[in-house]
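Text of structure11.txt, listed as compact mmCIF, C-alpha atoms:
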```txt
# COMPACT_ATOMS: atom_id res chain seq x y z
CA MET A 103 15.62 4.13 12.92
CA GLN A 104 15.00 7.81 12.30
CA TYR A 105 12.48 9.91 14.21
CA THR A 106 10.51 13.06 13.53
CA HIS A 107 7.84 15.14 15.22
CA LEU A 108 4.20 14.28 14.53
CA GLY A 109 3.09 17.41 12.71
CA ARG A 110 3.65 20.57 14.72
CA SER A 111 3.50 18.67 18.01
CA GLY A 112 6.49 17.88 20.18
CA LEU A 113 5.73 14.15 19.97
CA SER A 114 8.63 12.15 18.50
CA VAL A 115 7.65 9.16 16.37
CA SER A 116 9.55 6.73 14.14
CA ARG A 117 9.55 7.35 10.37
CA LEU A 118 7.68 4.06 10.02
CA CYS A 119 4.35 3.35 11.71
CA LEU A 120 3.40 -0.24 12.52
CA GLY A 121 -0.10 -1.00 11.27
CA THR A 122 -1.95 -3.75 13.11
CA MET A 123 -4.97 -4.43 10.92
CA ASN A 124 -3.61 -7.89 10.06
CA PHE A 125 -3.50 -8.95 13.71
CA SER A 126 -6.06 -11.71 14.45
CA TRP A 127 -6.88 -11.91 10.73
CA THR A 128 -3.87 -13.03 8.66
CA THR A 129 -1.50 -12.86 11.64
CA ASP A 130 -2.24 -14.96 14.72
CA LYS A 131 -1.55 -13.99 18.31
CA ALA A 132 1.96 -15.47 18.52
CA ASP A 133 3.05 -13.85 15.26
CA SER A 134 1.44 -10.55 16.26
CA PHE A 135 3.48 -10.50 19.45
CA ALA A 136 6.63 -11.36 17.47
CA VAL A 137 5.97 -8.53 15.00
CA MET A 138 5.52 -5.97 17.79
CA ASP A 139 8.64 -7.14 19.61
CA ALA A 140 10.62 -6.99 16.36
CA ALA A 141 9.29 -3.49 15.68
CA HIS A 142 10.59 -2.27 19.02
CA ALA A 143 13.91 -4.00 18.40
CA LYS A 144 14.22 -1.97 15.18
CA GLY A 145 13.32 1.28 16.93
CA ILE A 146 9.75 1.56 15.63
CA ASN A 147 7.82 3.24 18.43
CA PHE A 148 4.67 4.32 16.52
CA PHE A 149 1.81 1.75 16.45
CA ASP A 150 -1.56 2.30 14.77
CA THR A 151 -4.80 0.40 15.35
CA ALA A 152 -8.58 1.00 15.49
CA ASN A 153 -11.50 -0.16 17.59
CA ARG A 154 -13.05 -1.80 14.50
CA TYR A 155 -10.03 -3.97 13.70
CA GLY A 156 -10.21 -7.67 14.47
CA ARG A 157 -11.59 -11.02 13.47
CA PRO A 158 -14.04 -12.60 14.15
CA VAL A 159 -15.40 -9.49 15.90
CA PRO A 160 -14.26 -5.87 16.08
CA GLY A 161 -12.04 -5.08 19.05
CA VAL A 162 -9.94 -8.24 18.96
CA THR A 163 -6.90 -6.41 17.59
CA GLU A 164 -6.92 -3.92 20.46
CA GLU A 165 -7.23 -6.85 22.87
CA LEU A 166 -4.16 -8.50 21.34
CA ILE A 167 -2.15 -5.32 21.74
CA GLY A 168 -3.38 -5.02 25.33
CA GLU A 169 -2.20 -8.55 26.08
CA TRP A 170 1.18 -7.70 24.56
CA PHE A 171 1.41 -4.57 26.72
CA SER A 172 0.53 -6.56 29.84
CA GLN A 173 3.72 -8.62 29.47
CA GLY A 174 5.60 -5.57 30.74
CA GLY A 175 9.20 -4.95 29.83
CA GLY A 176 8.47 -1.30 28.98
CA ARG A 177 6.30 -2.28 26.03
CA ARG A 178 3.61 0.32 26.69
CA GLU A 179 6.08 3.00 27.78
CA LYS A 180 8.10 2.65 24.56
CA THR A 181 5.03 2.83 22.32
CA VAL A 182 3.32 5.88 20.87
CA LEU A 183 -0.13 4.34 20.62
CA ALA A 184 -2.69 5.50 18.06
CA THR A 185 -6.21 4.13 17.78
CA LYS A 186 -9.41 5.27 16.06
CA LEU A 187 -13.16 5.47 16.48
CA TYR A 188 -16.13 6.01 14.17
CA GLY A 189 -17.40 2.66 12.87
CA ALA A 190 -20.26 0.85 14.58
CA MET A 191 -19.30 -1.34 17.54
CA GLY A 192 -22.86 -2.50 18.12
CA GLU A 193 -26.39 -2.31 16.74
CA TRP A 194 -27.81 0.26 19.17
CA PRO A 195 -27.87 4.02 18.53
CA ASN A 196 -24.84 5.98 19.80
CA GLU A 197 -22.45 3.09 19.21
CA SER A 198 -20.80 4.75 16.22
CA LYS A 199 -19.63 8.08 14.81
CA LEU A 200 -18.42 11.11 16.81
CA SER A 201 -21.14 12.17 19.23
CA ALA A 202 -19.89 13.19 22.66
CA LEU A 203 -21.54 10.07 24.06
CA ASN A 204 -19.82 7.70 21.62
CA ILE A 205 -16.44 9.40 22.06
CA ARG A 206 -16.70 8.82 25.80
CA ARG A 207 -17.92 5.22 25.57
CA ALA A 208 -15.69 4.16 22.65
CA LEU A 209 -12.58 5.62 24.29
CA ASP A 210 -13.26 3.86 27.60
CA ALA A 211 -13.88 0.58 25.76
CA SER A 212 -10.63 0.92 23.79
CA LEU A 213 -8.66 1.69 26.94
CA LYS A 214 -10.08 -1.43 28.59
CA ARG A 215 -9.18 -3.63 25.61
CA LEU A 216 -5.73 -2.08 25.28
CA LYS A 217 -5.06 -2.47 29.02
CA THR A 218 -3.78 1.08 29.31
CA ASP A 219 -5.01 4.26 30.93
CA TYR A 220 -4.32 6.60 28.01
CA VAL A 221 -3.99 6.76 24.22
CA ASP A 222 -1.30 8.97 22.71
CA LEU A 223 -3.20 9.72 19.49
CA TYR A 224 -6.98 9.35 19.22
CA GLN A 225 -8.13 9.53 15.61
CA PHE A 226 -11.46 10.11 13.90
CA HIS A 227 -11.67 7.27 11.37
CA HIS A 228 -14.07 9.24 9.14
CA ILE A 229 -15.75 12.62 9.03
CA ASP A 230 -19.05 12.76 10.94
CA ARG A 231 -21.39 15.00 8.96
CA ASP A 232 -24.09 14.85 11.65
CA THR A 233 -22.14 16.05 14.69
CA PRO A 234 -21.01 19.69 15.07
CA TRP A 235 -17.37 20.36 15.78
CA ASP A 236 -18.05 22.21 19.02
CA GLU A 237 -19.52 18.98 20.41
CA ILE A 238 -16.62 16.86 19.12
CA TRP A 239 -13.93 19.18 20.47
CA GLN A 240 -15.65 19.59 23.83
CA ALA A 241 -15.71 15.80 24.24
CA MET A 242 -12.05 15.55 23.26
CA GLU A 243 -11.08 18.35 25.65
CA VAL A 244 -12.76 16.47 28.49
CA ALA A 245 -10.80 13.32 27.56
CA VAL A 246 -7.56 15.33 27.57
CA GLN A 247 -8.39 16.82 30.97
CA GLN A 248 -9.07 13.31 32.28
CA GLY A 249 -5.66 12.19 31.02
CA LYS A 250 -7.17 9.61 28.65
CA ILE A 251 -5.79 11.04 25.41
CA LEU A 252 -2.93 13.37 24.52
CA TYR A 253 -3.44 14.28 20.85
CA ALA A 254 -6.23 14.20 18.26
CA GLY A 255 -5.94 13.08 14.66
CA SER A 256 -8.15 12.52 11.63
CA SER A 257 -8.34 9.87 8.94
CA ASN A 258 -9.77 10.04 5.41
CA PHE A 259 -10.66 13.74 5.75
CA ALA A 260 -10.99 16.14 2.82
CA GLY A 261 -8.89 19.30 2.87
CA TRP A 262 -11.88 21.46 3.78
CA HIS A 263 -12.80 19.09 6.62
CA ILE A 264 -9.33 19.66 8.06
CA ALA A 265 -9.65 23.43 7.64
CA LYS A 266 -13.05 23.50 9.36
CA ALA A 267 -11.86 21.29 12.21
CA GLN A 268 -8.88 23.55 12.84
CA ALA A 269 -10.95 26.74 12.64
CA GLU A 270 -13.39 25.41 15.24
CA ALA A 271 -10.55 24.22 17.47
CA ASN A 272 -8.90 27.64 17.24
CA LYS A 273 -12.09 29.30 18.51
CA ARG A 274 -11.73 27.17 21.65
CA ASN A 275 -7.96 27.79 22.00
CA TYR A 276 -7.56 24.05 21.48
CA THR A 277 -4.73 22.37 19.57
CA GLY A 278 -7.06 20.50 17.23
CA LEU A 279 -5.65 17.93 14.81
CA VAL A 280 -1.96 17.04 14.76
CA SER A 281 -2.21 14.30 12.11
CA GLU A 282 -4.20 13.08 9.11
CA GLN A 283 -4.18 9.45 7.97
CA SER A 284 -4.94 9.11 4.24
CA ILE A 285 -4.38 6.68 1.42
CA TYR A 286 -1.25 7.90 -0.35
CA ASN A 287 1.16 6.09 -2.63
CA LEU A 288 2.62 6.39 -6.13
CA PHE A 289 -0.64 5.13 -7.62
CA GLU A 290 -3.04 7.07 -5.37
CA ARG A 291 -1.96 10.73 -5.27
CA THR A 292 -5.32 12.54 -5.02
CA VAL A 293 -4.39 13.97 -1.60
CA GLU A 294 -1.83 16.18 -3.34
CA LEU A 295 -4.71 18.34 -4.62
CA GLU A 296 -6.00 19.70 -1.31
CA VAL A 297 -5.32 17.40 1.67
CA LEU A 298 -1.53 17.73 1.64
CA PRO A 299 -1.60 21.51 1.10
CA ALA A 300 -4.00 21.84 4.04
CA CYS A 301 -1.80 19.65 6.24
CA ILE A 302 1.32 21.61 5.32
CA ASP A 303 -0.42 24.92 6.06
CA PHE A 304 -1.77 23.79 9.44
CA GLY A 305 1.34 21.86 10.49
CA ILE A 306 -0.44 18.50 10.44
CA GLY A 307 1.58 15.31 9.99
CA VAL A 308 0.45 12.93 7.24
CA ILE A 309 0.36 9.20 7.98
CA PRO A 310 -0.11 7.39 4.64
CA TRP A 311 -1.95 4.09 4.61
CA SER A 312 -1.64 1.48 1.86
CA PRO A 313 1.84 2.72 0.85
CA LEU A 314 2.28 -0.24 -1.54
CA ASN A 315 -1.27 0.05 -2.92
CA GLY A 316 -2.30 -3.46 -1.98
CA GLY A 317 1.02 -4.95 -3.11
CA LEU A 318 1.03 -3.46 -6.63
CA LEU A 319 4.16 -1.46 -5.74
CA GLY A 320 5.89 -4.35 -3.96
CA GLY A 321 7.34 -6.15 -6.98
CA ILE A 322 4.14 -7.98 -7.82
CA LEU A 323 5.15 -8.96 -11.38
CA LYS A 324 8.48 -10.46 -10.37
CA LYS A 325 6.88 -12.27 -7.44
CA SER A 326 4.20 -13.77 -9.68
CA GLU A 327 6.82 -14.85 -12.23
CA ASP A 328 8.91 -16.45 -9.47
CA GLY A 329 5.87 -18.25 -8.09
CA GLN A 330 5.92 -16.27 -4.81
CA ARG A 331 2.49 -14.81 -5.38
CA ARG A 332 -0.60 -15.86 -7.33
CA LEU A 333 -2.43 -13.21 -9.28
CA GLU A 334 -6.15 -13.61 -8.75
CA GLY A 335 -9.23 -11.56 -8.07
CA ARG A 336 -8.73 -7.82 -7.70
CA SER A 337 -4.93 -8.15 -7.84
CA ALA A 338 -5.10 -9.83 -11.24
CA GLU A 339 -7.51 -7.20 -12.54
CA ALA A 340 -5.36 -4.35 -11.22
CA VAL A 341 -2.22 -5.80 -12.79
CA LYS A 342 -4.02 -6.22 -16.09
CA THR A 343 -5.14 -2.58 -16.03
CA HIS A 344 -1.83 -1.08 -14.90
CA ARG A 345 0.70 -3.54 -16.30
CA PRO A 346 2.68 -1.01 -18.42
CA GLN A 347 3.15 1.28 -15.40
CA ILE A 348 4.08 -1.58 -13.10
CA GLU A 349 6.58 -2.97 -15.61
CA ALA A 350 8.19 0.45 -16.05
CA TYR A 351 8.34 0.88 -12.29
CA GLU A 352 9.86 -2.51 -11.53
CA ASN A 353 12.42 -2.05 -14.32
CA PHE A 354 13.39 1.36 -12.94
CA CYS A 355 13.75 -0.08 -9.41
CA ALA A 356 16.06 -2.74 -10.88
CA GLU A 357 18.13 0.04 -12.46
CA LEU A 358 18.38 1.73 -9.07
CA GLY A 359 19.39 -1.57 -7.48
CA HIS A 360 16.59 -1.48 -4.91
CA GLU A 361 13.49 -3.53 -4.21
CA PRO A 362 10.22 -1.98 -5.47
CA GLY A 363 8.65 -1.96 -2.00
CA ASP A 364 11.66 -0.11 -0.58
CA VAL A 365 11.46 2.53 -3.32
CA ALA A 366 7.71 3.05 -2.80
CA LEU A 367 8.18 3.65 0.94
CA ALA A 368 11.25 5.83 0.40
CA TRP A 369 9.34 7.96 -2.12
CA LEU A 370 6.68 8.68 0.51
CA LEU A 371 9.33 9.64 3.04
CA HIS A 372 10.58 12.27 0.55
CA GLN A 373 7.14 13.94 0.32
CA PRO A 374 6.36 17.12 2.28
CA SER A 375 4.34 16.72 5.47
CA VAL A 376 4.65 12.90 5.50
CA THR A 377 5.51 11.72 8.99
CA ALA A 378 5.44 7.94 8.71
CA PRO A 379 3.91 5.50 6.21
CA ILE A 380 1.91 2.70 7.83
CA ILE A 381 3.44 -0.71 7.19
CA GLY A 382 1.46 -3.89 7.83
CA PRO A 383 3.88 -6.83 8.06
CA ARG A 384 2.32 -10.24 8.57
CA THR A 385 5.57 -11.65 9.99
CA ALA A 386 8.53 -10.22 11.87
CA GLY A 387 10.79 -10.97 8.91
CA GLN A 388 8.83 -8.62 6.66
CA LEU A 389 9.94 -5.68 8.82
CA ASP A 390 13.45 -5.89 7.36
CA ALA A 391 12.40 -4.55 3.96
CA ALA A 392 10.57 -1.61 5.49
CA GLU A 393 13.59 -0.73 7.62
CA ARG A 394 15.76 -0.44 4.51
CA ALA A 395 13.47 2.20 3.04
CA VAL A 396 14.25 4.68 5.82
CA GLU A 397 17.90 4.82 4.73
CA LEU A 398 17.16 4.95 0.99
CA LYS A 399 17.81 8.37 -0.53
CA LEU A 400 16.26 9.21 -3.92
CA ASP A 401 17.92 11.98 -5.93
CA GLU A 402 16.06 14.54 -8.04
CA ALA A 403 16.49 12.46 -11.20
CA ALA A 404 14.95 9.40 -9.54
CA LEU A 405 12.04 11.41 -8.13
CA LYS A 406 11.43 12.95 -11.56
CA ARG A 407 11.39 9.51 -13.20
CA LEU A 408 8.89 8.23 -10.66
CA ASP A 409 6.67 11.23 -11.40
CA GLU A 410 6.85 10.34 -15.08
CA ILE A 411 5.74 6.77 -14.42
CA PHE A 412 3.09 7.79 -11.89
CA PRO A 413 1.97 11.37 -12.65
CA GLY A 414 0.82 13.22 -9.55
CA HIS A 415 -1.08 16.43 -8.90
CA LYS A 416 -0.26 20.07 -8.38
CA PRO A 417 -2.17 21.76 -5.55
CA ALA A 418 -5.65 22.95 -6.48
CA PRO A 419 -6.56 25.07 -8.40
CA GLU A 420 -3.36 25.03 -10.47
CA ASP A 421 -3.85 21.34 -11.18
CA TYR A 422 -7.00 21.88 -13.20
CA ALA A 423 -7.46 25.63 -13.73
CA TRP A 424 -4.12 27.20 -14.72
```

Take the structure from the file and write it as structure tokens.
Amino acid sequence: MQYTHLGRSGLSVSRLCLGTMNFSWTTDKADSFAVMDAAHAKGINFFDTANRYGRPVPGVTEELIGEWFSQGGGRREKTVLATKLYGAMGEWPNESKLSALNIRRALDASLKRLKTDYVDLYQFHHIDRDTPWDEIWQAMEVAVQQGKILYAGSSNFAGWHIAKAQAEANKRNYTGLVSEQSIYNLFERTVELEVLPACIDFGIGVIPWSPLNGGLLGGILKKSEDGQRRLEGRSAEAVKTHRPQIEAYENFCAELGHEPGDVALAWLLHQPSVTAPIIGPRTAGQLDAAERAVELKLDEAALKRLDEIFPGHKPAPEDYAW
């Protein structure tokens, strides 16, 4: 496994981040534990979750991780733990978003479920348009002083949200954001307009979610032809809409001699500011494919061909004005 710093921070994280949204949903407790153990065995030290994750009720995923930590064996010590807050955890006021009160209560609740006394990276799952940044940063500073969090991150922010957050943090001589978690893959490249340029400028690490775009970049045509996957619902509609691109992509991956999912992850690892794509394996065996992507090097010709198949964006305003 390879490691890098999370943005401009001194925190070292693996080039792959283990996403846990499947835990308790498509992955049961035993398999969740097996996936986390396998991740550590492969050197993956960066785990991402959220207080809203879990079935049948939010919070179950954090509880599963907490149970896994409680087994000992250095599991918590070896893990850079990231969780999030924003979504409603109850029906009463102040049980959602980023008020100082909810930050305090949501963090304490997550720590209890996770069976730990601190979170390495505490992320805002969405921008809160109703709460001023001086209130948000004051609450986060208190949590840092209490030793409950180490770093702050954002998720699904616009470029100007990131800029405003950092400007307000700078007024307080506070570090501010060290990471941004956004949807980013060969299909979804909107962040290249303003989010990535902002992250590069502020030294913020990008943690892409949905790196395979719901499986469309994971060899979906070949898998459906081989009977490994049924095309139905939104997947079938997406394949119908994008079939020429997907065919061109899978054919090019075959020319390279690599699996489509490996190429999609490797492409992200070649992009500026990207720290670690979030992978969401349902079984321990699915980690093997992701591990291969870290070693896969794409030359300029390959990167150019991928841009031809999946055109991206220049930074704004050049993309649309010049």

>> So that I can see what lies close to Ala208 (chain A), please list as a PyMOL selection string the residues with an atom at most 8 Å from it, counting all atoms listed in the file and leaving out residues fewer than 5 positions away in the same chain.
In response: chain A and resi 153+187+197

Can you build me a table of region 124-189 of chain A residues sitting at most 7 Å from region 386-394 of chain A, with the closest atom pair per residue and its distance in Å to one decimal, using all atoms listed in the file, sorted by chain and residue number, as a tab-separated table?
```
residue	atom	partner	partner_atom	distance
A:Ala136	CA	A:Ala386	CA	6.0
A:Val137	CA	A:Ala386	CA	4.4
A:Ala140	CA	A:Ala386	CA	5.9
```

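Omitting region 112-118 of chain A and its sequence neighbours fewer than 3 positions away, and counting only C-alpha atoms, the residues within 8 Å are Met103, Gln104, Tyr105, Thr106, His107, Leu108, Gly145, Ile146, Asn147, Phe148, Val182, Leu371, Thr377, Ala378, Pro379, Ile380, Ile381, Ala392, Glu393 and Val396 of chain A.
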
Since we have the selection now, will you write its residues out, keeping C-alpha atoms, as a PDB file, keeping the file's coordinate frame?
```pdb
ATOM      1  CA  MET A 103      15.620   4.130  12.920  1.00  0.00           C
ATOM      2  CA  GLN A 104      15.000   7.810  12.300  1.00  0.00           C
ATOM      3  CA  TYR A 105      12.480   9.910  14.210  1.00  0.00           C
ATOM      4  CA  THR A 106      10.510  13.060  13.530  1.00  0.00           C
ATOM      5  CA  HIS A 107       7.840  15.140  15.220  1.00  0.00           C
ATOM      6  CA  LEU A 108       4.200  14.280  14.530  1.00  0.00           C
ATOM      7  CA  GLY A 145      13.320   1.280  16.930  1.00  0.00           C
ATOM      8  CA  ILE A 146       9.750   1.560  15.630  1.00  0.00           C
ATOM      9  CA  ASN A 147       7.820   3.240  18.430  1.00  0.00           C
ATOM     10  CA  PHE A 148       4.670   4.320  16.520  1.00  0.00           C
ATOM     11  CA  VAL A 182       3.320   5.880  20.870  1.00  0.00           C
ATOM     12  CA  LEU A 371       9.330   9.640   3.040  1.00  0.00           C
ATOM     13  CA  THR A 377       5.510  11.720   8.990  1.00  0.00           C
ATOM     14  CA  ALA A 378       5.440   7.940   8.710  1.00  0.00           C
ATOM     15  CA  PRO A 379       3.910   5.500   6.210  1.00  0.00           C
ATOM     16  CA  ILE A 380       1.910   2.700   7.830  1.00  0.00           C
ATOM     17  CA  ILE A 381       3.440  -0.710   7.190  1.00  0.00           C
ATOM     18  CA  ALA A 392      10.570  -1.610   5.490  1.00  0.00           C
ATOM     19  CA  GLU A 393      13.590  -0.730   7.620  1.00  0.00           C
ATOM     20  CA  VAL A 396      14.250   4.680   5.820  1.00  0.00           C
TER      21      VAL A 396
END
```

> From the list A:Val221, A:Val159, A:Val280, A:Ala254, which residue is nearest Glu179 (chain A) when using all atoms listed in the file?
Replying inline: A:Val221

>> Would you compute the distance between CA of Asn204 (chain A) and CA of Gln240 (chain A)? Give it in Å to one decimal.
In response: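 Calculated distance between CA of Asn204 (chain A) and CA of Gln240 (chain A) is 12.8 Å.
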
> CA of Glu361 (chain A) to CA of Leu288 (chain A): how many Å, to one decimal?
Replying inline: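 It comes out at 14.8 Å.
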
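Between CA of Arg407 (chain A) and CA of Gly121 (chain A) the interatomic distance comes to 29.0 Å.
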
>> I'd like to know which of A:Gly359, A:Gly382, A:Gly278, A:Pro417 is closest to Tyr253 (chain A), using only C-alpha atoms.
In response: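 For Tyr253 (chain A), the nearest of the given residues is A:Gly278.
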
> Using only C-alpha atoms, which of the listed residues (A:Ala143, A:Trp235, A:Arg177, A:Arg215) sits closest to Tyr155 (chain A)?
Replying inline: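 So, comparing all the options, the nearest one is A:Arg215.
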
>> Using only C-alpha atoms, can you tell me which of A:Lys399, A:Lys131, A:Lys342, A:Lys406 comes closest to Glu169 (chain A)?
In response: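 Answer, going by the shortest atom-to-atom distance: A:Lys131.
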
> Hey, which of A:Met191, A:Leu252, A:Ala245, A:Val376 ends up closest to Gly109 (chain A)? Count only C-alpha atoms.
Replying inline: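 Nearest candidate to Gly109 (chain A) out of A:Met191, A:Leu252, A:Ala245, A:Val376: A:Val376.
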